[in-house]
Amino acid sequence: MSNLLLVIFDLVLLAGLLGVAWRCLASTDLFRAVVLFITFGLLLALAWVRLEAPDIALAEAAIGAGITGALLLVTLERLRSIAVERRRGRPDQPPDPAGADALLHALHDPPPPRRTFVPALSFALVVGGLMVTALWHQPDAVGLEPVVDEHMGVSGVDHPITAVLLNFRAYDTFLELAIVLIALLGAWSLGRYDRLPARPAPGPILPGTLRLLVPVAIVTGVYILWAGSHAPGGAFQAGAILGAAGILLVLARPRDLPMAPSTPLRLGLTAGVGLFLAIGIVGLFIGPGLLGYPPEWAYPLIIVIEIAATLSIALTLVALFIAGRPAGDDH
Amino acid sequence: MIANTLTVILILAGLVFFAAGTAGLLRFPDVYSRLHALTKADNVGLGLVILGLMLQAAGPADILKLLLIWVLVLAAGTTAAHMVAQRTWTHGEFESDR
């Protein structure tokens, strides 16, 4: 009975995922598409919970739905305000099909109908066929679970996911952190930040709520970071929660952004990658190899790396939301 | 047994509120009445579901966690509703809202 109910729940969830994904892709209104994308992320987090992967569910809800959603929304608003501003600058000229008018047009009006059904269908059939073939010939492997379980003793932590992420496959996690940093460098290389298109929310409600919510978010973030060594959690999820708190603070005061001074900000942004690399290189010289730790030192080293990574991820996400180097910084 | 029955009743009552809130969101004519339907109904609905789940909790820690979830959703939902209403009041409804 309860099995049947779970199967029904899974089927409804799958149908919801497919339906929301379809509506998101087919939507001609970009704002609606972003909202549907956030909904999709939340449903996907539920699907990860059903697959008994709470770590991924946390990351999907916090980063995939929350932070990415906020980034997409602010990008949309920024595009709109840039387009409106440019067009206001030259009202008497004819519309420029490649410039700001095209942008505004794309943001507001549905695209013309195109005959894409047959190519799209054939593409979907080919890709789907390839995937089915690949899954069909999947050998009955047990995966890496036994190998990980066997080596938990030398990992320094009690949670297999954290052991894989920060010890056995530390290289992957290091590259993930580096990619987050490179994304920010890309955004910064495009210029200094112009102010957010958001207006300050009038009234005491938003600042009052934030005064309540931000401390809760900080406690939750630190808890999730600390829990990562023995339960679902870890640096990415904790960093996303702290970053979300920072984004809310930025949104509450969009006119005077509370930017940190340049040098500490840069140190914080690079702390995760820098410390990870430094510890990894030390590991190369004292024995275990690049990005390896001696087993007796594994736990403190992993904790140090996770704390630095959390700080870096949180700062990077807020900086990506603001998009652009801090003002008054011309180096 | 009593706890299980109460849980079922409370969660079903909560689901009724969720359904009513969703129906209001879909059917009501403007932003304000939709917000009214959504926030009021979802807050009570979630409260009832949480109450039902509290009866199944393993200990005081779980009960407090559930309570915390409800309070946080209340705070976030109220603020979000206020901000949507404020935006609509000062700038009018989005075109796609109508």
# chains A, B, ... in the order shown; residues from 1 in each chain; ligands from 1

$ interface_residues --of "chain A" --to "chain B" --cutoff "9 Å" --atoms "only C-alpha atoms" --output "PyMOL selection string"
chain A and resi 29+32+201-202+205-206+209+212-213

$ residues_around --residues "A:Gly41" --least-positions-apart "6" --cutoff "10 Å" --atoms "only C-alpha atoms" --output "JSON, numbers by chain"
{"A": [17, 20, 21, 35, 47, 57, 60, 61, 62, 63, 64, 65, 66, 68, 69]}

$ atom_distance --atom1 "atom CA of B:Leu64" --atom2 "atom CA of B:Leu48"
15.1 Å

$ residues_around --residues "B:Ala85" --least-positions-apart "4" --cutoff "12 Å" --atoms "only C-alpha atoms" --output "PyMOL selection string"
(chain A and resi 201-202) or (chain B and resi 30-36+39+78-81+89-94)

$ write_last_selection --atoms "N, CA, C and O atoms" --output "tab-separated table (two decimals), in the first residue's frame"
chain	number	residue	atom	x	y	z
A	201	ALA	N	13.17	48.95	-1.35
A	201	ALA	CA	11.78	48.69	-0.98
A	201	ALA	C	11.35	49.71	0.07
A	201	ALA	O	12.01	49.84	1.09
A	202	PRO	N	10.25	50.42	-0.15
A	202	PRO	CA	9.80	51.38	0.86
A	202	PRO	C	9.23	50.65	2.06
A	202	PRO	O	8.74	49.52	1.94
B	30	ASP	N	-7.36	39.78	-9.57
B	30	ASP	CA	-6.21	40.69	-9.56
B	30	ASP	C	-5.18	40.26	-8.54
B	30	ASP	O	-5.38	39.31	-7.78
B	31	VAL	N	-4.04	40.98	-8.54
B	31	VAL	CA	-2.90	40.58	-7.71
B	31	VAL	C	-3.26	40.53	-6.24
B	31	VAL	O	-2.89	39.59	-5.53
B	32	TYR	N	-4.02	41.55	-5.76
B	32	TYR	CA	-4.27	41.63	-4.32
B	32	TYR	C	-5.10	40.46	-3.82
B	32	TYR	O	-4.79	39.84	-2.80
B	33	SER	N	-6.16	40.15	-4.53
B	33	SER	CA	-7.00	39.05	-4.04
B	33	SER	C	-6.27	37.71	-4.20
B	33	SER	O	-6.44	36.80	-3.38
B	34	ARG	N	-5.43	37.59	-5.23
B	34	ARG	CA	-4.64	36.36	-5.36
B	34	ARG	C	-3.68	36.22	-4.19
B	34	ARG	O	-3.54	35.14	-3.60
B	35	LEU	N	-3.01	37.33	-3.82
B	35	LEU	CA	-2.10	37.28	-2.68
B	35	LEU	C	-2.85	36.90	-1.42
B	35	LEU	O	-2.37	36.10	-0.60
B	36	HIS	N	-4.04	37.51	-1.27
B	36	HIS	CA	-4.87	37.22	-0.11
B	36	HIS	C	-5.13	35.71	-0.02
B	36	HIS	O	-4.87	35.09	1.01
B	39	THR	N	-1.46	33.65	0.49
B	39	THR	CA	-0.72	33.71	1.76
B	39	THR	C	-1.57	33.21	2.92
B	39	THR	O	-1.11	32.38	3.71
B	78	THR	N	4.98	36.28	4.33
B	78	THR	CA	4.39	37.58	4.62
B	78	THR	C	5.18	38.69	3.93
B	78	THR	O	4.61	39.58	3.30
B	79	THR	N	6.51	38.63	4.07
B	79	THR	CA	7.34	39.67	3.46
B	79	THR	C	7.20	39.67	1.95
B	79	THR	O	7.04	40.73	1.33
B	80	ALA	N	7.25	38.47	1.35
B	80	ALA	CA	7.14	38.40	-0.11
B	80	ALA	C	5.80	38.96	-0.56
B	80	ALA	O	5.72	39.74	-1.52
B	81	ALA	N	4.71	38.59	0.16
B	81	ALA	CA	3.39	39.10	-0.22
B	81	ALA	C	3.35	40.62	-0.11
B	81	ALA	O	2.83	41.31	-1.00
B	89	TRP	N	1.15	48.20	-6.14
B	89	TRP	CA	0.51	49.46	-5.75
B	89	TRP	C	1.21	50.63	-6.41
B	89	TRP	O	0.57	51.57	-6.89
B	90	THR	N	2.56	50.60	-6.46
B	90	THR	CA	3.29	51.75	-7.00
B	90	THR	C	3.45	51.67	-8.51
B	90	THR	O	3.54	52.70	-9.17
B	91	HIS	N	3.52	50.50	-9.09
B	91	HIS	CA	3.85	50.39	-10.52
B	91	HIS	C	2.76	49.75	-11.36
B	91	HIS	O	2.92	49.63	-12.56
B	92	GLY	N	1.69	49.30	-10.76
B	92	GLY	CA	0.65	48.65	-11.54
B	92	GLY	C	1.01	47.19	-11.81
B	92	GLY	O	2.12	46.75	-11.49
B	93	GLU	N	0.06	46.47	-12.36
B	93	GLU	CA	0.28	45.06	-12.59
B	93	GLU	C	1.12	44.84	-13.84
B	93	GLU	O	1.12	45.66	-14.75
B	94	PHE	N	1.85	43.72	-13.85
B	94	PHE	CA	2.54	43.33	-15.08
B	94	PHE	C	1.51	43.06	-16.17
B	94	PHE	O	0.37	42.69	-15.89

$ atom_distance --atom1 "atom CA of A:Arg115" --atom2 "atom CA of A:Arg23"
18.3 Å

$ residues_around --residues "B:Ala37" --least-positions-apart "4" --cutoff "10 Å" --atoms "only C-alpha atoms" --output "JSON, numbers by chain"
{"B": [17, 18, 20, 21, 22, 23, 24, 25, 26, 27, 28, 31, 32, 33, 41, 42]}

$ write_last_selection --atoms "N, CA and C atoms" --output "PDB file, in the first residue's frame"
ATOM      1  N   PHE B  17      -6.799  23.559   2.671  1.00  0.00           N
ATOM      2  CA  PHE B  17      -6.405  24.971   2.603  1.00  0.00           C
ATOM      3  C   PHE B  17      -5.456  25.212   1.426  1.00  0.00           C
ATOM      4  N   PHE B  18      -4.506  24.280   1.203  1.00  0.00           N
ATOM      5  CA  PHE B  18      -3.591  24.436   0.064  1.00  0.00           C
ATOM      6  C   PHE B  18      -4.380  24.459  -1.243  1.00  0.00           C
ATOM      7  N   ALA B  20      -7.504  25.281  -1.653  1.00  0.00           N
ATOM      8  CA  ALA B  20      -8.262  26.526  -1.757  1.00  0.00           C
ATOM      9  C   ALA B  20      -7.353  27.677  -2.162  1.00  0.00           C
ATOM     10  N   GLY B  21      -6.152  27.727  -1.564  1.00  0.00           N
ATOM     11  CA  GLY B  21      -5.215  28.800  -1.911  1.00  0.00           C
ATOM     12  C   GLY B  21      -4.808  28.724  -3.370  1.00  0.00           C
ATOM     13  N   THR B  22      -4.559  27.508  -3.859  1.00  0.00           N
ATOM     14  CA  THR B  22      -4.164  27.356  -5.258  1.00  0.00           C
ATOM     15  C   THR B  22      -5.308  27.758  -6.186  1.00  0.00           C
ATOM     16  N   ALA B  23      -6.529  27.320  -5.815  1.00  0.00           N
ATOM     17  CA  ALA B  23      -7.679  27.701  -6.642  1.00  0.00           C
ATOM     18  C   ALA B  23      -7.803  29.218  -6.689  1.00  0.00           C
ATOM     19  N   GLY B  24      -7.621  29.878  -5.525  1.00  0.00           N
ATOM     20  CA  GLY B  24      -7.695  31.338  -5.493  1.00  0.00           C
ATOM     21  C   GLY B  24      -6.618  31.969  -6.357  1.00  0.00           C
ATOM     22  N   LEU B  25      -5.402  31.416  -6.279  1.00  0.00           N
ATOM     23  CA  LEU B  25      -4.292  31.950  -7.077  1.00  0.00           C
ATOM     24  C   LEU B  25      -4.625  31.875  -8.565  1.00  0.00           C
ATOM     25  N   LEU B  26      -5.247  30.783  -8.953  1.00  0.00           N
ATOM     26  CA  LEU B  26      -5.529  30.597 -10.383  1.00  0.00           C
ATOM     27  C   LEU B  26      -6.761  31.383 -10.830  1.00  0.00           C
ATOM     28  N   ARG B  27      -7.765  31.522  -9.951  1.00  0.00           N
ATOM     29  CA  ARG B  27      -9.062  32.008 -10.401  1.00  0.00           C
ATOM     30  C   ARG B  27      -9.325  33.477 -10.058  1.00  0.00           C
ATOM     31  N   PHE B  28      -8.673  34.016  -9.028  1.00  0.00           N
ATOM     32  CA  PHE B  28      -9.023  35.374  -8.606  1.00  0.00           C
ATOM     33  C   PHE B  28      -8.563  36.393  -9.633  1.00  0.00           C
ATOM     34  N   VAL B  31      -4.036  40.984  -8.536  1.00  0.00           N
ATOM     35  CA  VAL B  31      -2.897  40.579  -7.714  1.00  0.00           C
ATOM     36  C   VAL B  31      -3.255  40.529  -6.238  1.00  0.00           C
ATOM     37  N   TYR B  32      -4.019  41.552  -5.756  1.00  0.00           N
ATOM     38  CA  TYR B  32      -4.270  41.633  -4.315  1.00  0.00           C
ATOM     39  C   TYR B  32      -5.104  40.460  -3.823  1.00  0.00           C
ATOM     40  N   SER B  33      -6.161  40.147  -4.534  1.00  0.00           N
ATOM     41  CA  SER B  33      -6.999  39.046  -4.044  1.00  0.00           C
ATOM     42  C   SER B  33      -6.271  37.708  -4.196  1.00  0.00           C
ATOM     43  N   ALA B  41      -4.199  31.227   2.956  1.00  0.00           N
ATOM     44  CA  ALA B  41      -4.498  29.795   2.888  1.00  0.00           C
ATOM     45  C   ALA B  41      -3.245  28.967   3.092  1.00  0.00           C
ATOM     46  N   ASP B  42      -2.144  29.355   2.457  1.00  0.00           N
ATOM     47  CA  ASP B  42      -0.940  28.526   2.587  1.00  0.00           C
ATOM     48  C   ASP B  42      -0.381  28.553   3.997  1.00  0.00           C
TER      49      ASP B  42
END

$ atom_distance --atom1 "atom CA of A:Leu46" --atom2 "atom CA of A:Arg211"
29.3 Å

$ closest_residue --among "A:Leu277, A:Val180, A:Leu249, A:Ala231" --to "A:Leu317" --atoms "only C-alpha atoms"
A:Val180

$ residues_around --residues "stretch 8-14 of chain B" --least-positions-apart "3" --cutoff "12 Å" --atoms "only C-alpha atoms" --output "ChimeraX atom specification"
/B:1-5,17-21,40-56

$ write_last_selection --atoms "N, CA and C atoms" --output "compact mmCIF listing (two decimals), in the first residue's frame"
# COMPACT_ATOMS: atom_id res chain seq x y z
N MET B 1 -2.46 5.34 17.93
CA MET B 1 -3.68 5.24 17.12
C MET B 1 -4.37 6.60 17.04
N ILE B 2 -4.59 7.20 18.24
CA ILE B 2 -5.23 8.52 18.27
C ILE B 2 -4.35 9.54 17.54
N ALA B 3 -3.02 9.43 17.82
CA ALA B 3 -2.09 10.36 17.18
C ALA B 3 -2.14 10.21 15.67
N ASN B 4 -2.16 8.94 15.18
CA ASN B 4 -2.20 8.72 13.74
C ASN B 4 -3.46 9.31 13.12
N THR B 5 -4.62 9.05 13.79
CA THR B 5 -5.87 9.58 13.26
C THR B 5 -5.83 11.11 13.20
N PHE B 17 -6.80 23.56 2.67
CA PHE B 17 -6.41 24.97 2.60
C PHE B 17 -5.46 25.21 1.43
N PHE B 18 -4.51 24.28 1.20
CA PHE B 18 -3.59 24.44 0.06
C PHE B 18 -4.38 24.46 -1.24
N ALA B 19 -5.35 23.53 -1.35
CA ALA B 19 -6.14 23.47 -2.59
C ALA B 19 -6.92 24.78 -2.77
N ALA B 20 -7.50 25.28 -1.65
CA ALA B 20 -8.26 26.53 -1.76
C ALA B 20 -7.35 27.68 -2.16
N GLY B 21 -6.15 27.73 -1.56
CA GLY B 21 -5.21 28.80 -1.91
C GLY B 21 -4.81 28.72 -3.37
N LYS B 40 -2.80 33.70 3.02
CA LYS B 40 -3.64 33.26 4.14
C LYS B 40 -3.79 31.74 4.11
N ALA B 41 -4.20 31.23 2.96
CA ALA B 41 -4.50 29.79 2.89
C ALA B 41 -3.25 28.97 3.09
N ASP B 42 -2.14 29.36 2.46
CA ASP B 42 -0.94 28.53 2.59
C ASP B 42 -0.38 28.55 4.00
N ASN B 43 -0.46 29.70 4.66
CA ASN B 43 0.07 29.75 6.02
C ASN B 43 -0.72 28.83 6.94
N VAL B 44 -2.06 28.91 6.88
CA VAL B 44 -2.87 28.03 7.72
C VAL B 44 -2.68 26.58 7.28
N GLY B 45 -2.66 26.37 5.95
CA GLY B 45 -2.50 25.00 5.45
C GLY B 45 -1.21 24.38 5.93
N LEU B 46 -0.11 25.15 5.78
CA LEU B 46 1.18 24.63 6.22
C LEU B 46 1.17 24.41 7.73
N GLY B 47 0.54 25.33 8.47
CA GLY B 47 0.46 25.19 9.92
C GLY B 47 -0.21 23.88 10.31
N LEU B 48 -1.32 23.57 9.62
CA LEU B 48 -2.04 22.33 9.95
C LEU B 48 -1.19 21.11 9.60
N VAL B 49 -0.52 21.14 8.43
CA VAL B 49 0.33 20.02 8.04
C VAL B 49 1.44 19.83 9.07
N ILE B 50 2.05 20.96 9.50
CA ILE B 50 3.13 20.88 10.48
C ILE B 50 2.62 20.34 11.81
N LEU B 51 1.43 20.79 12.22
CA LEU B 51 0.84 20.26 13.46
C LEU B 51 0.67 18.75 13.36
N GLY B 52 0.16 18.32 12.19
CA GLY B 52 -0.02 16.89 11.99
C GLY B 52 1.29 16.14 12.06
N LEU B 53 2.34 16.72 11.46
CA LEU B 53 3.64 16.05 11.46
C LEU B 53 4.26 16.03 12.85
N MET B 54 3.97 17.10 13.65
CA MET B 54 4.54 17.16 15.00
C MET B 54 4.11 15.95 15.83
N LEU B 55 2.87 15.47 15.57
CA LEU B 55 2.38 14.32 16.33
C LEU B 55 3.18 13.07 16.00
N GLN B 56 3.88 13.07 14.85
CA GLN B 56 4.67 11.90 14.46
C GLN B 56 6.16 12.09 14.77

$ select_by_dssp --residues "stretch 211-304 of chain A" --states "helix (DSSP H, G or I)" --output "MDAnalysis selection string"
chainID A and resid 211:227 235:252 262:286 295:304
